[in-house]
>>> print(open('start.txt').read())   # compact mmCIF, C-alpha atoms
# COMPACT_ATOMS: atom_id res chain seq x y z
CA MET A 1 35.08 69.00 19.26
CA SER A 2 35.41 72.76 19.01
CA GLU A 3 32.76 75.30 19.85
CA THR A 4 31.39 76.89 16.70
CA THR A 5 30.58 80.22 18.34
CA PHE A 6 32.16 82.23 21.13
CA MET A 7 30.03 84.86 22.85
CA GLY A 8 27.54 84.59 20.03
CA VAL A 9 30.18 85.28 17.39
CA GLU A 10 31.15 82.70 14.81
CA ARG A 11 34.49 81.31 15.98
CA GLY A 12 36.11 81.71 12.58
CA LYS A 13 35.64 85.48 12.78
CA ILE A 14 37.69 85.76 15.97
CA ASP A 15 41.45 85.95 15.47
CA TRP A 16 42.73 84.00 18.48
CA LYS A 17 45.37 81.33 18.01
CA PRO A 18 48.96 80.66 18.99
CA THR A 19 51.76 81.78 16.68
CA ILE A 20 54.91 79.66 16.71
CA ASP A 21 58.26 81.47 16.63
CA TYR A 22 60.30 78.90 14.77
CA SER A 23 63.55 80.64 15.68
CA LYS A 24 62.85 79.69 19.33
CA CYS A 25 60.85 76.45 19.05
CA ASP A 26 62.96 73.38 19.88
CA TYR A 27 60.23 70.89 18.91
CA CYS A 28 59.90 69.49 22.40
CA MET A 29 56.18 69.05 21.53
CA GLU A 30 55.07 69.78 25.10
CA CYS A 31 52.33 72.01 23.67
CA THR A 32 50.83 69.20 21.61
CA LYS A 33 50.80 66.91 24.62
CA PHE A 34 49.29 69.64 26.76
CA CYS A 35 46.53 71.09 24.55
CA PRO A 36 43.40 68.90 24.64
CA HIS A 37 41.83 70.77 21.71
CA LYS A 38 44.15 69.47 18.97
CA VAL A 39 45.20 72.95 17.93
CA PHE A 40 48.71 71.78 16.98
CA GLU A 41 49.81 69.05 14.60
CA VAL A 42 53.16 67.28 14.52
CA HIS A 43 54.86 66.66 11.16
CA GLU A 44 57.69 64.43 12.27
CA ASN A 45 59.24 63.98 8.83
CA ASP A 46 59.05 67.61 7.65
CA GLU A 47 61.53 70.38 8.19
CA ILE A 48 58.85 72.35 10.07
CA LYS A 49 57.78 69.71 12.53
CA LEU A 50 54.99 71.57 14.30
CA ILE A 51 52.14 73.63 12.87
CA VAL A 52 48.97 75.32 14.11
CA LYS A 53 46.57 72.99 12.35
CA ASN A 54 43.20 73.91 13.90
CA PRO A 55 43.28 77.57 14.97
CA ASN A 56 39.52 77.67 15.52
CA ASN A 57 39.76 74.89 18.09
CA CYS A 58 41.83 77.23 20.27
CA VAL A 59 39.80 78.47 23.26
CA VAL A 60 39.51 82.24 22.95
CA PHE A 61 41.56 83.97 25.70
CA CYS A 62 43.31 80.73 26.72
CA ARG A 63 47.11 81.03 26.57
CA ALA A 64 47.95 78.03 28.68
CA CYS A 65 50.23 76.43 26.06
CA SER A 66 52.45 79.52 26.02
CA LYS A 67 52.86 79.20 29.78
CA ILE A 68 54.25 75.71 29.58
CA CYS A 69 56.50 76.46 26.59
CA GLY A 70 60.10 76.16 27.80
CA PRO A 71 61.73 78.19 24.98
CA ASP A 72 58.93 80.84 25.06
CA ALA A 73 58.12 80.26 21.39
CA LEU A 74 54.34 80.76 21.49
CA SER A 75 52.54 84.09 21.37
CA PHE A 76 48.92 85.22 21.16
CA PRO A 77 47.06 88.28 19.85
CA ASP A 78 46.38 91.24 22.14
CA LYS A 79 43.54 90.31 24.49
CA ASN A 80 41.98 93.78 24.65
CA ALA A 81 41.97 94.17 20.88
CA THR A 82 40.26 90.78 20.60
CA THR A 83 37.64 91.74 23.19
CA GLN A 84 37.00 94.98 21.34
CA ARG A 85 36.68 93.17 18.03
CA ILE A 86 34.15 90.69 19.49
CA LYS A 87 32.06 93.62 20.74
CA GLU A 88 32.20 95.28 17.32
CA ILE A 89 31.15 92.10 15.51
CA ARG A 90 28.26 91.61 17.92
CA LYS A 91 27.15 95.18 17.32
CA GLU A 92 27.45 94.86 13.55
CA GLU A 93 25.45 91.64 13.58
CA SER A 94 22.73 92.96 15.88
CA ASN A 95 22.31 95.98 13.59
CA GLY A 96 21.73 93.84 10.78
CA MET B 1 64.24 84.22 57.09
CA VAL B 2 62.84 81.40 54.95
CA GLU B 3 63.26 78.23 56.93
CA ASN B 4 61.97 74.75 57.46
CA TYR B 5 61.32 74.18 53.75
CA ALA B 6 62.08 71.20 51.59
CA VAL B 7 63.50 72.89 48.49
CA LEU B 8 63.09 71.17 45.12
CA PRO B 9 64.89 72.97 42.26
CA CYS B 10 64.69 71.77 38.65
CA ASN B 11 68.49 72.15 38.64
CA GLY B 12 68.50 72.10 34.83
CA LEU B 13 72.10 72.30 33.70
CA ASP B 14 71.51 73.26 30.07
CA LYS B 15 69.98 76.71 30.69
CA SER B 16 71.00 79.56 32.94
CA ALA B 17 67.50 79.62 34.49
CA GLY B 18 68.00 76.01 35.59
CA VAL B 19 71.43 76.77 37.02
CA ILE B 20 69.90 79.70 38.94
CA SER B 21 67.26 77.39 40.41
CA GLY B 22 70.04 75.20 41.78
CA GLU B 23 71.97 78.17 43.14
CA ILE B 24 68.92 79.52 44.98
CA ALA B 25 68.28 76.09 46.47
CA ILE B 26 71.88 75.91 47.68
CA LYS B 27 71.68 79.37 49.23
CA LEU B 28 68.43 78.51 51.00
CA CYS B 29 69.90 75.29 52.30
CA GLU B 30 72.97 77.00 53.70
CA ASN B 31 70.45 77.83 56.38
CA GLU B 32 70.51 74.49 58.16
CA LYS B 33 66.75 74.43 58.71
CA ASN B 34 66.00 74.05 54.99
CA GLU B 35 66.54 70.74 53.21
CA ILE B 36 67.43 70.33 49.55
CA ILE B 37 65.86 67.69 47.32
CA CYS B 38 68.01 66.58 44.38
CA PRO B 39 65.65 66.03 41.44
CA VAL B 40 68.03 63.60 39.75
CA PHE B 41 68.42 61.33 42.75
CA TYR B 42 64.70 61.64 43.56
CA ARG B 43 63.85 60.15 40.17
CA VAL B 44 65.92 57.11 41.05
CA THR B 45 64.78 56.51 44.59
CA ASP B 46 61.88 57.67 46.74
CA ALA B 47 62.74 56.80 50.29
CA LYS B 48 65.10 59.62 51.29
CA TYR B 49 63.18 62.52 49.84
CA ASN B 50 59.65 61.31 50.54
CA LYS B 51 60.54 61.60 54.20
CA ILE B 52 61.95 65.13 53.83
CA ALA B 53 59.01 66.25 51.68
CA GLY B 54 56.58 64.78 54.19
CA GLU B 55 58.13 66.63 57.12
CA HIS B 56 58.54 70.12 55.56
CA PRO B 57 56.46 72.48 53.45
CA LEU B 58 57.67 72.18 49.85
CA LEU B 59 59.22 75.03 47.88
CA VAL B 60 59.51 74.23 44.17
CA ILE B 61 61.89 76.22 41.95
CA ASP B 62 61.36 75.82 38.21
CA GLY B 63 63.86 77.36 35.81
CA CYS B 64 61.69 77.61 32.68
CA PRO B 65 58.03 77.02 31.84
CA THR B 66 58.67 73.35 31.08
CA ARG B 67 58.31 73.17 34.88
CA CYS B 68 60.30 69.95 35.38
CA ALA B 69 60.40 70.40 39.16
CA SER B 70 56.63 70.97 39.38
CA LYS B 71 56.02 67.93 37.24
CA LEU B 72 58.30 65.85 39.43
CA ALA B 73 56.40 67.05 42.52
CA ALA B 74 53.10 66.09 40.86
CA GLU B 75 54.45 62.65 39.90
CA LYS B 76 55.52 62.07 43.49
CA ASN B 77 52.15 63.32 44.69
CA LEU B 78 53.71 66.08 46.78
CA LYS B 79 51.79 69.07 48.02
CA ILE B 80 53.49 72.31 46.95
CA SER B 81 53.51 75.17 49.44
CA GLN B 82 55.31 77.74 47.35
CA LYS B 83 56.63 78.03 43.83
CA ILE B 84 59.09 80.14 41.88
CA LEU B 85 59.52 80.31 38.10
CA ILE B 86 62.91 81.82 37.31
CA THR B 87 62.18 83.01 33.75
CA GLU B 88 59.02 84.74 34.93
CA GLU B 89 60.86 86.41 37.82
CA ALA B 90 63.52 87.60 35.35
CA LYS B 91 60.81 89.05 33.09
CA ASN B 92 59.01 90.74 36.00
CA HIS B 93 62.24 92.38 37.16
CA HIS B 94 63.43 93.26 33.64
CA ILE B 95 66.57 91.22 34.00
CA GLU B 96 68.00 89.58 30.92
CA LEU B 97 69.61 86.24 31.61
CA ASN B 98 72.78 85.34 29.74
CA SER B 99 72.73 82.58 27.18
CA GLY B 100 75.62 80.74 28.84
CA LEU B 101 75.53 78.63 31.95
CA ARG B 102 77.65 80.72 34.30
CA ILE B 103 76.17 82.93 37.00
CA LEU B 104 77.24 86.48 36.12
CA GLU B 105 76.16 89.89 37.41
CA ASN B 106 72.55 89.81 36.10
CA GLU B 107 71.99 86.32 37.43
CA LYS B 108 73.47 87.31 40.81
CA SER B 109 71.08 90.28 41.04
CA LEU B 110 68.11 88.09 40.22
CA ILE B 111 69.11 85.53 42.84
CA GLU B 112 69.33 88.26 45.44
CA ILE B 113 65.95 89.72 44.47
CA ILE B 114 64.28 86.32 44.64
CA LEU B 115 65.81 85.49 48.02
CA ASN B 116 64.73 88.87 49.42
CA GLY B 117 61.25 88.37 47.97
CA LEU B 118 61.00 84.97 49.65
CA ASN B 119 61.91 86.47 52.99
CA LYS B 120 59.33 89.22 52.60
CA ALA B 121 56.58 86.81 51.55
CA GLU B 122 57.40 84.65 54.56
CA ALA B 123 57.09 87.62 56.91
CA GLN B 124 53.76 88.68 55.37
CA HIS B 125 52.45 85.14 55.55
CA ALA B 126 53.26 84.98 59.23
CA GLN B 127 51.24 88.15 59.82
CA SER B 128 48.27 87.40 57.59
CA SER B 129 45.01 86.38 59.12
CA ASP B 130 41.94 84.98 57.51
CA GLU B 131 39.52 87.81 56.93
CA ASN B 132 37.29 86.07 54.45
CA THR B 133 34.07 86.43 56.31
CA ILE B 134 31.56 87.26 53.58
CA GLN B 135 29.10 84.41 53.14
CA PHE B 136 27.07 83.97 49.97
CA ASP B 137 23.99 81.81 49.81
CA PHE B 138 24.44 79.76 46.64
CA ASP B 139 21.46 78.00 45.08
CA TYR B 140 22.65 75.23 42.72
CA GLU B 141 21.32 73.39 39.73
CA THR B 142 23.20 70.14 39.18
CA PHE B 143 23.61 67.70 36.39
CA GLN B 144 25.40 64.41 36.47
CA ASN B 145 27.70 62.84 33.93
CA GLY B 146 28.87 59.36 34.90
CA LYS B 147 30.09 59.63 38.47
CA PHE B 148 30.71 63.39 38.24
CA ASN B 149 28.39 66.11 39.45
CA PHE B 150 28.47 69.54 37.86
CA ARG B 151 26.90 72.33 39.90
CA VAL B 152 26.05 75.78 38.60
CA PRO B 153 24.72 78.53 40.87
CA LYS B 154 21.34 79.86 39.76
CA ASN B 155 21.54 83.13 41.70
CA PRO B 156 20.86 86.13 39.44
CA GLN B 157 23.86 88.00 40.89
CA VAL B 158 26.21 85.37 39.42
CA TYR B 159 27.53 85.97 35.90
CA TYR B 160 29.68 83.67 33.76
CA ASN B 161 32.09 83.94 30.87
CA GLU B 162 32.56 81.23 28.28
CA ASN B 163 35.95 80.44 29.82
CA ASP B 164 34.16 78.73 32.73
CA CYS B 165 34.71 81.40 35.35
CA TRP B 166 32.03 83.02 37.50
CA ALA B 167 31.59 86.39 39.18
CA TRP B 168 29.17 87.10 42.04
CA VAL B 169 28.53 90.82 41.81
CA PHE B 170 27.73 92.66 45.03
CA GLY B 171 27.73 96.45 45.20
CA ASN B 172 30.81 97.68 43.39
CA ARG B 173 32.68 94.42 43.88
CA ALA B 174 32.69 90.94 42.48
CA ARG B 175 33.96 87.71 43.95
CA ILE B 176 35.28 85.43 41.23
CA GLY B 177 36.30 81.82 40.73
CA VAL B 178 36.14 78.85 38.38
CA THR B 179 33.16 76.57 37.80
CA ASP B 180 32.77 72.86 38.47
CA PHE B 181 33.65 72.23 34.81
CA VAL B 182 37.21 73.44 35.41
CA GLN B 183 37.79 71.64 38.68
CA GLN B 184 36.35 68.32 37.42
CA ASN B 185 38.53 68.50 34.31
CA LEU B 186 41.68 69.31 36.24
CA SER B 187 41.03 66.57 38.78
CA ASP B 188 43.14 66.96 41.96
CA ILE B 189 44.33 70.55 42.16
CA LEU B 190 47.84 70.73 43.56
CA TYR B 191 48.78 74.38 43.31
CA PHE B 192 47.22 77.83 43.14
CA THR B 193 49.11 80.96 42.09
CA PRO B 194 47.12 83.97 43.31
CA PRO B 195 47.00 87.33 41.54
CA GLU B 196 48.65 90.27 43.28
CA ILE B 197 46.50 92.48 45.46
CA GLY B 198 46.29 95.89 43.80
CA ALA B 199 46.76 94.49 40.29
CA GLU B 200 44.57 96.12 37.63
CA ILE B 201 42.85 93.45 35.58
CA ASP B 202 41.15 93.86 32.21
CA GLN B 203 38.04 91.90 31.43
CA PHE B 204 39.28 88.45 30.27
CA GLY B 205 42.66 89.17 31.81
CA GLU B 206 44.31 86.45 33.88
CA VAL B 207 43.78 86.38 37.64
CA GLY B 208 45.87 83.50 38.87
CA ASP B 209 46.74 80.00 37.75
CA ILE B 210 45.47 76.65 38.95
CA GLU B 211 47.50 73.51 38.40
CA SER B 212 46.92 69.82 38.70
CA SER B 213 49.09 66.95 37.53
CA LYS B 214 46.97 66.99 34.35
CA ALA B 215 47.08 70.64 33.32
CA LEU B 216 47.59 74.28 34.11
CA VAL B 217 44.64 76.63 33.77
CA ALA B 218 44.61 80.41 34.01
CA LEU B 219 41.56 81.95 35.58
CA ILE B 220 40.12 84.37 33.01
CA SER B 221 38.44 87.22 34.83
CA PRO B 222 34.83 87.85 33.85
CA VAL B 223 35.13 91.45 35.07
CA SER B 224 37.60 94.32 34.93
CA GLY B 225 38.93 96.22 37.95
CA GLU B 226 41.40 96.08 40.80
CA VAL B 227 42.17 92.95 42.81
CA VAL B 228 41.27 93.89 46.37
CA ALA B 229 41.30 90.49 48.05
CA ILE B 230 42.49 86.97 47.40
CA ASN B 231 41.49 83.74 49.03
CA GLU B 232 44.61 83.21 51.14
CA SER B 233 43.40 79.79 52.26
CA LEU B 234 43.81 78.43 48.73
CA VAL B 235 47.56 78.94 48.83
CA GLN B 236 47.86 76.28 51.52
CA LYS B 237 44.79 74.28 50.54
CA PRO B 238 44.22 74.53 46.77
CA GLU B 239 42.15 71.34 46.98
CA MET B 240 39.33 73.52 48.37
CA ILE B 241 38.65 74.41 44.71
CA ASN B 242 37.86 70.73 44.10
CA GLU B 243 35.63 70.60 47.15
CA ASN B 244 33.55 73.59 46.11
CA PRO B 245 34.85 76.18 43.62
CA TYR B 246 32.03 78.60 44.43
CA GLU B 247 32.14 78.78 48.20
CA LEU B 248 35.39 77.93 50.05
CA GLY B 249 37.18 77.71 46.69
CA TRP B 250 36.59 81.29 45.52
CA VAL B 251 39.71 82.93 44.10
CA ALA B 252 39.68 86.73 44.33
CA GLU B 253 37.61 89.85 44.80
CA ILE B 254 37.67 92.67 42.29
CA GLU B 255 36.67 96.31 42.77
CA LEU B 256 34.68 96.78 39.58
CA ALA B 257 35.90 99.28 36.99
CA ASP B 258 33.06 99.20 34.43
CA PHE B 259 30.64 96.39 35.07
CA GLU B 260 27.96 97.80 32.74
CA SER B 261 30.38 97.37 29.84
CA ASP B 262 31.72 94.01 31.10
CA LYS B 263 28.17 92.66 31.33
CA GLU B 264 27.78 92.85 27.56
CA LEU B 265 30.08 89.84 27.18
CA LEU B 266 28.84 87.78 30.13
CA ILE B 267 26.04 85.25 30.38
CA GLY B 268 23.67 84.24 33.16
CA PHE B 269 22.81 80.85 34.63
CA ASP B 270 20.46 79.62 31.87
CA LYS B 271 22.94 80.04 29.05
CA TYR B 272 25.96 78.87 31.03
CA PHE B 273 24.19 75.73 32.28
CA GLU B 274 23.42 74.72 28.68
CA LEU B 275 26.93 75.62 27.50
CA MET B 276 28.57 73.62 30.27
CA LYS B 277 26.40 70.57 29.52
CA LYS B 278 27.48 70.74 25.91
CA LYS B 279 31.13 71.05 26.91
CA VAL B 280 30.89 68.07 29.24
CA GLU B 281 29.29 65.97 26.51
CA ASN B 282 32.00 66.98 24.02
CA THR B 283 34.79 66.34 26.51
CA ASN B 284 33.51 62.87 27.25
CA GLY B 285 33.15 61.95 23.71
>>> encode(input="start.txt", output="C-alpha cells")
Amino acid sequence: MSETTFMGVERGKIDWKPTIDYSKCDYCMECTKFCPHKVFEVHENDEIKLIVKNPNNCVVFCRACSKICGPDALSFPDKNATTQRIKEIRKEESNG
Amino acid sequence: MVENYAVLPCNGLDKSAGVISGEIAIKLCENEKNEIICPVFYRVTDAKYNKIAGEHPLLVIDGCPTRCASKLAAEKNLKISQKILITEEAKNHHIELNSGLRILENEKSLIEIILNGLNKAEAQHAQSSDENTIQFDFDYETFQNGKFNFRVPKNPQVYYNENDCWAWVFGNRARIGVTDFVQQNLSDILYFTPPEIGAEIDQFGEVGDIESSKALVALISPVSGEVVAINESLVQKPEMINENPYELGWVAEIELADFESDKELLIGFDKYFELMKKKVENTNG
C-alpha cells in the first residue's frame, strides 16, 4: 500500500516517478521484479510492454530502479527542484 | 599492487562494458597472486570457485547495472570485499564506451584508469586506521512484529526523514545512517558502497548504497553538507548494519551546511515511530 502523504504533503501533488526511455528499454523487466511498490506494470501482449502504472506508489527520492536498469532507460525528476516544491506546498498550505 | 583477490567479472559478451569487466579481470590475474572466477563455469559447478572465494577477498566487476556478477555472488552467498561498476566508472570519468564489442582507445583508457584506481585504493586501505571513537548514548523505543524487533532512538538530537534514514546532530556535524526498518527489510546486508569523503551532499541526496541479495537501497541523506567521515568498518563488515544500524552500523558524518533549513523537512522520534509502525504493518500485509 502506498503512503498517501509525504512530509505532510498529499502524495499526488509531488511529481516524483520514473520516466521510461523507450528508445533504450529492452523490456528485461528487472525493474518490475525489483520494485516492491508496484509502480510498473507489464503489458506482455502490447507493443509498449512496460508502463508506469502507479506513479504515486513511487517512494519520493528513491531512484533504486534506475540503478539496477542495465540499459539506463529510467530517469527521475531533479531532486532539488522536488525538495523546493515540497517546501513551497507546505508553506502555501500552512498559510491557508 | 592489487593482489590476493578472487576476481569475479560479469564477463558479459554482448556489451562493451561486459567485455571490459573480463579484460580487467584478466589484467589483474596476470599478477599470479590474484585468482579469476569464471561466472559461466561457476554457475555450473561450485567446488572449484567456492574454495578460491573462501580463501581470498572477493573483487566483483559488474559491466552494467544489471549487476550479474553481484547477483551471482549473492546467490553463492559470497562476501564481497570490493566492487566496480564499469558503466558508472565510464560516466564518472566522462568516457563514452563504443557500441561494439571490441576494446578500442576509450575502453583502453578506462581500463587503465580503473586499474590505477584499484592500486590507489589498496594503498589507502593499507594505511587507514579506525578513528571512529565518538560514542553516542542511544535510548531506544522498540516494537515487535512477528519475530522482528524495530528499534527507534528517542534521543531529541536524532532526526529522521521519511526515507528511513536518521541523523544525530552534534555541534555543526551530523552522523547519519539507516533505521531498523531498512535493515530488517533488506535482510542480510552483503555490500556497502560508501560516499566519497569531501563530497558535497544536498538534503535528500544519496550518501552510499547498501545491498543485500533482496535489494539495493540508497541512503537518502536527511541533511545537507560535506561528507567528512565514513564508517570504514562497514566496507569489510557491512553486516554491522544488520546488527545495529544506529551504533556500529552508522554510515557517514556530514559537516552541516544549513541545518536550520534542513530541519523543516525532518521529523523527530514521535512522528517517525508512528510512521515506521505503519510502514511495517503495510509491508507485512
>>> interface_residues(input="start.txt", of="chain B", to="chain A", cutoff="8 Å", atoms="only C-alpha atoms", output="PDB file with C-alpha atoms, in the coordinates of the input")
ATOM      1  CA  CYS B  64      61.690  77.610  32.680  1.00  0.00           C
ATOM      2  CA  PRO B  65      58.030  77.020  31.840  1.00  0.00           C
ATOM      3  CA  THR B  66      58.670  73.350  31.080  1.00  0.00           C
ATOM      4  CA  ARG B  67      58.310  73.170  34.880  1.00  0.00           C
ATOM      5  CA  GLU B 162      32.560  81.230  28.280  1.00  0.00           C
ATOM      6  CA  ASN B 163      35.950  80.440  29.820  1.00  0.00           C
ATOM      7  CA  ASP B 202      41.150  93.860  32.210  1.00  0.00           C
ATOM      8  CA  PHE B 204      39.280  88.450  30.270  1.00  0.00           C
ATOM      9  CA  GLY B 205      42.660  89.170  31.810  1.00  0.00           C
ATOM     10  CA  ALA B 215      47.080  70.640  33.320  1.00  0.00           C
ATOM     11  CA  LEU B 216      47.590  74.280  34.110  1.00  0.00           C
ATOM     12  CA  VAL B 217      44.640  76.630  33.770  1.00  0.00           C
ATOM     13  CA  ALA B 218      44.610  80.410  34.010  1.00  0.00           C
ATOM     14  CA  ILE B 220      40.120  84.370  33.010  1.00  0.00           C
ATOM     15  CA  LEU B 265      30.080  89.840  27.180  1.00  0.00           C
ATOM     16  CA  LEU B 266      28.840  87.780  30.130  1.00  0.00           C
ATOM     17  CA  ASN B 282      32.000  66.980  24.020  1.00  0.00           C
ATOM     18  CA  THR B 283      34.790  66.340  26.510  1.00  0.00           C
TER      19      THR B 283
END
>>> residues_around(input="start.txt", residues="segment 106-113 of chain B", least_positions_apart="5", cutoff="9 Å", atoms="all atoms listed in the file", output="PyMOL selection string")
chain B and resi 16-17+20-21+23-24+86+89-90+93+95-98+118
>>> residues_around(input="start.txt", residues="Ala73 of chain A", least_positions_apart="4", cutoff="6 Å", atoms="all atoms listed in the file", output="mmCIF file with C-alpha atoms, in the coordinates of the input")
data_model
loop_
_atom_site.group_PDB
_atom_site.id
_atom_site.type_symbol
_atom_site.label_atom_id
_atom_site.label_comp_id
_atom_site.auth_asym_id
_atom_site.auth_seq_id
_atom_site.Cartn_x
_atom_site.Cartn_y
_atom_site.Cartn_z
ATOM 1 C CA ILE A 20 54.910 79.660 16.710
ATOM 2 C CA ASP A 21 58.260 81.470 16.630
ATOM 3 C CA LYS A 24 62.850 79.690 19.330
ATOM 4 C CA CYS A 25 60.850 76.450 19.050
#
>>> atom_distance(input="start.txt", atom1="atom CA of Phe76 of chain A", atom2="atom CA of Trp168 of chain B")
28.8 Å
>>> closest_residue(input="start.txt", among="B:Tyr42, B:Phe273, B:Tyr140, B:Trp250", to="Tyr160 of chain B", atoms="all atoms listed in the file")
B:Phe273
>>> atom_distance(input="start.txt", atom1="atom CA of Asp164 of chain B", atom2="atom CA of Val152 of chain B")
10.4 Å
>>> atom_distance(input="start.txt", atom1="atom CA of Lys263 of chain B", atom2="atom CA of Lys91 of chain A")
14.3 Å
>>> residues_near_point(input="start.txt", point="(48.2, 83.6, 20.0)", cutoff="8 Å", atoms="only C-alpha atoms", output="NGL selection string")
:A and (16-19 or 63 or 74-77)
